[in-house]
>>> print(open('model35.cif').read())   # mmCIF, C-alpha atoms
data_model
#
loop_
_atom_site.label_atom_id
_atom_site.label_comp_id
_atom_site.auth_asym_id
_atom_site.auth_seq_id
_atom_site.Cartn_x
_atom_site.Cartn_y
_atom_site.Cartn_z
CA LYS A 949 -22.26 207.67 60.62
CA GLU A 950 -24.13 209.07 57.62
CA GLU A 951 -25.14 212.73 57.86
CA THR A 952 -26.97 215.08 55.47
CA PHE A 953 -25.94 218.72 55.07
CA GLU A 954 -27.62 221.48 53.12
CA LEU A 955 -25.16 224.14 51.98
CA ASP A 956 -25.55 227.22 49.81
CA VAL A 957 -22.47 227.12 47.54
CA GLY A 958 -21.41 228.46 44.15
CA ALA A 959 -19.35 225.43 43.15
CA ILE A 960 -18.47 221.92 44.23
CA VAL A 961 -14.98 220.47 43.91
CA VAL A 962 -14.65 216.71 44.16
CA SER A 963 -11.15 215.56 44.90
CA THR A 964 -10.60 211.82 44.90
CA GLY A 965 -7.50 209.91 45.83
CA PHE A 966 -6.21 206.45 45.24
CA ASP A 967 -4.49 203.61 47.02
CA HIS A 968 -1.80 201.45 45.51
CA ILE A 969 -2.74 197.81 45.29
CA SER A 970 -0.32 195.47 47.04
CA PRO A 971 1.30 193.48 44.21
CA ASP A 972 2.27 190.74 46.69
CA SER A 973 -1.05 188.99 46.07
CA LEU A 974 -0.55 188.90 42.28
CA LYS A 975 2.01 186.10 42.12
CA GLU A 976 2.12 185.96 38.30
CA TYR A 977 3.93 189.32 38.25
CA GLY A 978 6.82 188.15 40.43
CA PHE A 979 6.81 191.11 42.80
CA GLY A 980 9.13 190.37 45.71
CA LEU A 981 11.02 187.65 43.82
CA HIS A 982 13.63 190.07 42.45
CA PRO A 983 14.56 193.60 43.54
CA ASP A 984 14.25 194.91 39.96
CA ILE A 985 10.52 194.11 39.80
CA VAL A 986 9.09 197.38 41.12
CA THR A 987 5.80 199.28 41.27
CA ASN A 988 5.25 202.50 39.33
CA LEU A 989 5.74 204.54 42.52
CA GLN A 990 9.05 202.79 43.21
CA PHE A 991 10.12 203.39 39.59
CA GLU A 992 9.22 207.08 39.96
CA ARG A 993 11.47 207.28 43.02
CA LEU A 994 14.29 205.55 41.15
CA MET A 995 13.96 208.14 38.36
CA ILE A 996 14.25 210.98 40.88
CA GLN A 997 17.32 209.42 42.52
CA GLY A 998 19.08 208.86 39.20
CA ILE A 999 17.81 205.81 37.39
CA HIS A 1000 19.45 202.56 38.47
CA LYS A 1001 18.54 198.94 39.07
CA PRO A 1002 18.01 198.16 42.76
CA SER A 1003 19.79 194.80 42.35
CA ASP A 1004 23.18 196.03 41.19
CA GLY A 1005 23.06 199.81 40.70
CA LYS A 1006 23.49 199.52 36.92
CA ILE A 1007 21.50 201.65 34.51
CA PRO A 1008 18.54 199.79 32.98
CA LYS A 1009 18.16 200.00 29.21
CA ARG A 1010 15.33 197.58 28.42
CA VAL A 1011 12.36 198.22 30.71
CA ALA A 1012 8.88 196.66 30.67
CA PHE A 1013 5.90 198.64 31.94
CA ILE A 1014 2.93 196.38 32.67
CA LEU A 1015 -0.45 198.08 32.79
CA CYS A 1016 -3.66 197.00 34.52
CA VAL A 1017 -1.88 195.07 37.28
CA GLY A 1018 -4.62 194.54 39.82
CA SER A 1019 -7.26 196.42 37.82
CA ARG A 1020 -9.69 195.25 35.18
CA MET A 1021 -9.59 191.83 36.83
CA LEU A 1022 -12.74 189.79 36.15
CA ASN A 1023 -14.29 186.47 37.15
CA GLY A 1024 -12.97 186.32 40.69
CA GLN A 1025 -9.39 187.25 39.82
CA ASN A 1026 -7.50 188.97 42.61
CA GLY A 1027 -7.90 192.72 42.16
CA GLU A 1028 -10.43 195.33 41.06
CA GLU A 1029 -12.89 195.12 38.16
CA HIS A 1030 -12.57 198.75 37.11
CA CYS A 1031 -9.86 200.68 35.26
CA CYS A 1032 -7.59 202.73 37.50
CA LYS A 1033 -7.72 205.54 34.87
CA ILE A 1034 -4.21 206.86 35.63
CA GLY A 1035 -2.00 203.88 34.82
CA CYS A 1036 -1.69 204.39 31.07
CA MET A 1037 -0.56 207.98 31.22
CA ALA A 1038 1.73 207.32 34.20
CA ALA A 1039 3.48 204.50 32.31
CA ILE A 1040 3.79 206.52 29.10
CA LYS A 1041 5.25 209.43 31.08
CA GLN A 1042 7.74 207.14 32.81
CA ALA A 1043 8.71 205.48 29.52
CA THR A 1044 9.41 208.82 27.85
CA LEU A 1045 11.33 210.09 30.90
CA LEU A 1046 13.41 206.90 30.80
CA GLN A 1047 14.26 207.59 27.14
CA LYS A 1048 15.38 211.11 28.02
CA ALA A 1049 17.46 209.94 31.00
CA VAL A 1050 19.10 206.87 29.42
CA ALA A 1051 20.64 206.93 25.96
CA GLY A 1052 19.45 203.94 23.95
CA ALA A 1053 16.70 203.01 26.41
CA GLN A 1054 14.10 200.56 25.11
CA PRO A 1055 10.84 200.97 27.02
CA TRP A 1056 8.05 198.48 26.29
CA VAL A 1057 4.47 199.05 27.47
CA PHE A 1058 2.24 195.99 27.81
CA TYR A 1059 -1.42 197.06 27.87
CA ILE A 1060 -5.01 195.88 27.46
CA ASP A 1061 -6.34 199.18 26.06
CA VAL A 1062 -4.58 202.53 26.22
CA ARG A 1063 -6.92 204.97 27.92
CA ALA A 1064 -5.80 208.44 26.87
CA ASP A 1065 -8.90 210.51 27.51
CA GLY A 1066 -7.64 213.87 28.76
CA LYS A 1067 -6.61 217.04 26.97
CA GLY A 1068 -3.44 216.35 25.00
CA TYR A 1069 -3.23 212.73 26.21
CA GLU A 1070 -3.76 211.12 22.80
CA GLU A 1071 -1.06 213.34 21.30
CA PHE A 1072 1.29 212.39 24.17
CA TYR A 1073 0.61 208.70 23.46
CA VAL A 1074 1.23 209.11 19.71
CA ASN A 1075 4.42 211.08 20.41
CA ALA A 1076 5.70 208.24 22.61
CA GLN A 1077 5.05 205.75 19.80
CA GLU A 1078 6.84 207.98 17.29
CA HIS A 1079 9.84 208.20 19.60
CA GLY A 1080 10.29 204.47 19.95
CA VAL A 1081 8.26 203.41 22.97
CA ARG A 1082 7.09 199.94 22.01
CA PHE A 1083 3.46 199.15 22.82
CA VAL A 1084 2.28 195.53 23.03
CA ARG A 1085 -1.46 194.92 23.33
CA GLY A 1086 -2.11 191.97 25.60
CA ARG A 1087 -2.18 191.05 29.27
CA VAL A 1088 1.10 189.79 30.71
CA ALA A 1089 0.85 186.18 31.84
CA GLU A 1090 4.06 185.82 33.83
CA VAL A 1091 7.04 187.77 35.13
CA THR A 1092 9.96 185.76 36.52
CA PRO A 1093 13.61 186.31 37.34
CA ALA A 1094 15.79 184.73 34.63
CA GLY A 1095 19.55 184.76 34.74
CA GLY A 1096 20.67 188.37 34.90
CA GLY A 1097 17.28 189.82 33.98
CA ILE A 1098 13.52 189.56 34.21
CA LEU A 1099 11.58 187.35 31.79
CA VAL A 1100 8.18 188.70 30.71
CA ARG A 1101 5.71 186.39 28.97
CA ALA A 1102 2.61 187.81 27.32
CA GLU A 1103 0.38 187.49 24.28
CA ASP A 1104 0.40 190.04 21.50
CA THR A 1105 -3.33 190.11 20.83
CA PHE A 1106 -2.93 192.10 17.60
CA LEU A 1107 -0.76 189.35 16.12
CA GLY A 1108 -2.39 186.50 18.07
CA THR A 1109 1.00 185.15 19.10
CA PRO A 1110 2.82 184.61 22.38
CA ILE A 1111 5.67 186.99 23.08
CA GLU A 1112 8.44 186.90 25.61
CA GLY A 1113 11.46 189.01 26.31
CA THR A 1114 14.11 189.63 28.91
CA PHE A 1115 14.19 193.04 30.55
CA ASP A 1116 16.40 194.89 32.98
#
>>> encode(input="model35.cif", output="structure tokens")
Amino acid sequence: KEETFELDVGAIVVSTGFDHISPDSLKEYGFGLHPDIVTNLQFERLMIQGIHKPSDGKIPKRVAFILCVGSRMLNGQNGEEHCCKIGCMAAIKQATLLQKAVAGAQPWVFYIDVRADGKGYEEFYVNAQEHGVRFVRGRVAEVTPAGGGILVRAEDTFLGTPIEGTFD
């Protein structure tokens, strides 16, 4: 029930939270089809436990981070219309942590637009590029299990060409 309060205060702090979208409804991303297709929260937990693939316990080298899953969805697509605002920096952080934890790691970040709008965020993004995190501009079309890995199909919108690769 809506209520109105009048308070005499010196400052207001607004603290917002977030909910993870259930990727089960986004079939094109293959969540649930293979144990190595995980959410960013699950990946974060794997990093804390000592990075390994849930399927076989091996160390992943080639990892795809897919941004805007369930956000920035338009025209009746399943998901939210707005940007989640935290996904870009979370993925860049995880990609750089992967590089530090796994020698020879090859993180790829598939994105629509990188939103790096906080203090030091742009520099963090540039540093990740300079240290070999590969950024591909374009929405991912499909993620499917393929042989011993995960096949990711997307479009590189800078080059205007389809791109696909197999990841751990």
>>> residues_around(input="model35.cif", residues="Met1037 in chain A", least_positions_apart="5", cutoff="10 Å", atoms="all atoms listed in the file", output="PDB file with C-alpha atoms, keeping the file's coordinate frame")
ATOM      1  CA  GLN A1042       7.740 207.140  32.810  1.00  0.00           C
ATOM      2  CA  ALA A1043       8.710 205.480  29.520  1.00  0.00           C
ATOM      3  CA  VAL A1062      -4.580 202.530  26.220  1.00  0.00           C
ATOM      4  CA  ARG A1063      -6.920 204.970  27.920  1.00  0.00           C
ATOM      5  CA  ALA A1064      -5.800 208.440  26.870  1.00  0.00           C
ATOM      6  CA  ASP A1065      -8.900 210.510  27.510  1.00  0.00           C
ATOM      7  CA  GLY A1066      -7.640 213.870  28.760  1.00  0.00           C
ATOM      8  CA  TYR A1069      -3.230 212.730  26.210  1.00  0.00           C
ATOM      9  CA  GLU A1070      -3.760 211.120  22.800  1.00  0.00           C
ATOM     10  CA  PHE A1072       1.290 212.390  24.170  1.00  0.00           C
ATOM     11  CA  TYR A1073       0.610 208.700  23.460  1.00  0.00           C
TER      12      TYR A1073
END
>>> resolve_selection(input="model35.cif", expression="the PyMOL selection byres ((chain A and resi 1084) around 7)", output="number ranges by chain")
A: 1057-1059, 1082-1083, 1085-1086, 1104
>>> resolve_selection(input="model35.cif", expression="the PyMOL selection byres ((chain A and resi 1053) around 12)", output="VMD selection string")
chain A and resid 999 1007 to 1012 1042 to 1052 1054 to 1056 1079 to 1082 1115 to 1116
>>> resolve_selection(input="model35.cif", expression="the PyMOL selection byres ((chain A and resi 1099) around 12)", output="NGL selection string")
:A and (976-978 or 982 or 984-985 or 1010-1012 or 1088-1098 or 1100-1102 or 1111-1116)
>>> atom_distance(input="model35.cif", atom1="CA of Gly958 in chain A", atom2="CA of Lys1067 in chain A")
25.4 Å
>>> build_atoms(input="model35.cif", residues="range 1088-1099 of chain A", atoms="all heavy atoms", output="PDB file, in the coordinates of the input")
ATOM      1  N   VAL A1088      -0.094 190.574  30.373  1.00  0.00           N
ATOM      2  CA  VAL A1088       1.100 189.790  30.710  1.00  0.00           C
ATOM      3  C   VAL A1088       0.666 188.581  31.521  1.00  0.00           C
ATOM      4  O   VAL A1088      -0.134 188.692  32.454  1.00  0.00           O
ATOM      5  CB  VAL A1088       2.120 190.658  31.474  1.00  0.00           C
ATOM      6  CG1 VAL A1088       3.222 189.802  32.076  1.00  0.00           C
ATOM      7  CG2 VAL A1088       2.703 191.714  30.547  1.00  0.00           C
ATOM      8  N   ALA A1089       1.203 187.418  31.163  1.00  0.00           N
ATOM      9  CA  ALA A1089       0.850 186.180  31.840  1.00  0.00           C
ATOM     10  C   ALA A1089       1.792 185.857  32.992  1.00  0.00           C
ATOM     11  O   ALA A1089       1.375 185.303  34.010  1.00  0.00           O
ATOM     12  CB  ALA A1089       0.860 185.019  30.848  1.00  0.00           C
ATOM     13  N   GLU A1090       3.083 186.227  32.827  1.00  0.00           N
ATOM     14  CA  GLU A1090       4.060 185.820  33.830  1.00  0.00           C
ATOM     15  C   GLU A1090       5.279 186.722  33.782  1.00  0.00           C
ATOM     16  O   GLU A1090       5.745 187.118  32.718  1.00  0.00           O
ATOM     17  CB  GLU A1090       4.483 184.371  33.555  1.00  0.00           C
ATOM     18  CG  GLU A1090       5.455 183.804  34.533  1.00  0.00           C
ATOM     19  CD  GLU A1090       5.858 182.377  34.198  1.00  0.00           C
ATOM     20  OE1 GLU A1090       5.858 182.001  33.004  1.00  0.00           O
ATOM     21  OE2 GLU A1090       6.193 181.646  35.133  1.00  0.00           O
ATOM     22  N   VAL A1091       5.790 187.024  34.972  1.00  0.00           N
ATOM     23  CA  VAL A1091       7.040 187.770  35.130  1.00  0.00           C
ATOM     24  C   VAL A1091       7.893 186.970  36.105  1.00  0.00           C
ATOM     25  O   VAL A1091       7.470 186.707  37.229  1.00  0.00           O
ATOM     26  CB  VAL A1091       6.794 189.188  35.694  1.00  0.00           C
ATOM     27  CG1 VAL A1091       8.102 189.924  35.891  1.00  0.00           C
ATOM     28  CG2 VAL A1091       5.862 189.975  34.785  1.00  0.00           C
ATOM     29  N   THR A1092       9.089 186.559  35.653  1.00  0.00           N
ATOM     30  CA  THR A1092       9.960 185.760  36.520  1.00  0.00           C
ATOM     31  C   THR A1092      11.408 186.181  36.367  1.00  0.00           C
ATOM     32  O   THR A1092      11.832 186.581  35.285  1.00  0.00           O
ATOM     33  CB  THR A1092       9.861 184.250  36.172  1.00  0.00           C
ATOM     34  OG1 THR A1092      10.157 184.077  34.777  1.00  0.00           O
ATOM     35  CG2 THR A1092       8.495 183.691  36.467  1.00  0.00           C
ATOM     36  N   PRO A1093      12.175 186.077  37.459  1.00  0.00           N
ATOM     37  CA  PRO A1093      13.610 186.310  37.340  1.00  0.00           C
ATOM     38  C   PRO A1093      14.224 185.248  36.431  1.00  0.00           C
ATOM     39  O   PRO A1093      13.832 184.084  36.476  1.00  0.00           O
ATOM     40  CB  PRO A1093      14.120 186.148  38.776  1.00  0.00           C
ATOM     41  CG  PRO A1093      12.916 186.333  39.646  1.00  0.00           C
ATOM     42  CD  PRO A1093      11.761 185.827  38.838  1.00  0.00           C
ATOM     43  N   ALA A1094      15.153 185.665  35.571  1.00  0.00           N
ATOM     44  CA  ALA A1094      15.790 184.730  34.630  1.00  0.00           C
ATOM     45  C   ALA A1094      17.222 185.160  34.391  1.00  0.00           C
ATOM     46  O   ALA A1094      17.459 186.174  33.742  1.00  0.00           O
ATOM     47  CB  ALA A1094      15.012 184.695  33.323  1.00  0.00           C
ATOM     48  N   GLY A1095      18.148 184.403  34.922  1.00  0.00           N
ATOM     49  CA  GLY A1095      19.550 184.760  34.740  1.00  0.00           C
ATOM     50  C   GLY A1095      19.830 186.139  35.300  1.00  0.00           C
ATOM     51  O   GLY A1095      19.530 186.427  36.443  1.00  0.00           O
ATOM     52  N   GLY A1096      20.358 187.020  34.460  1.00  0.00           N
ATOM     53  CA  GLY A1096      20.670 188.370  34.900  1.00  0.00           C
ATOM     54  C   GLY A1096      19.558 189.363  34.653  1.00  0.00           C
ATOM     55  O   GLY A1096      19.753 190.564  34.791  1.00  0.00           O
ATOM     56  N   GLY A1097      18.370 188.900  34.284  1.00  0.00           N
ATOM     57  CA  GLY A1097      17.280 189.820  33.980  1.00  0.00           C
ATOM     58  C   GLY A1097      15.941 189.324  34.460  1.00  0.00           C
ATOM     59  O   GLY A1097      15.848 188.455  35.326  1.00  0.00           O
ATOM     60  N   ILE A1098      14.898 189.901  33.872  1.00  0.00           N
ATOM     61  CA  ILE A1098      13.520 189.560  34.210  1.00  0.00           C
ATOM     62  C   ILE A1098      12.839 189.098  32.935  1.00  0.00           C
ATOM     63  O   ILE A1098      12.814 189.818  31.943  1.00  0.00           O
ATOM     64  CB  ILE A1098      12.767 190.790  34.767  1.00  0.00           C
ATOM     65  CG1 ILE A1098      13.540 191.480  35.889  1.00  0.00           C
ATOM     66  CG2 ILE A1098      11.362 190.406  35.182  1.00  0.00           C
ATOM     67  CD1 ILE A1098      13.701 190.689  37.146  1.00  0.00           C
ATOM     68  N   LEU A1099      12.277 187.893  32.945  1.00  0.00           N
ATOM     69  CA  LEU A1099      11.580 187.350  31.790  1.00  0.00           C
ATOM     70  C   LEU A1099      10.106 187.724  31.868  1.00  0.00           C
ATOM     71  O   LEU A1099       9.457 187.501  32.889  1.00  0.00           O
ATOM     72  CB  LEU A1099      11.722 185.828  31.729  1.00  0.00           C
ATOM     73  CG  LEU A1099      11.024 185.133  30.561  1.00  0.00           C
ATOM     74  CD1 LEU A1099      11.664 185.532  29.228  1.00  0.00           C
ATOM     75  CD2 LEU A1099      11.053 183.626  30.749  1.00  0.00           C
TER      76      LEU A1099
END
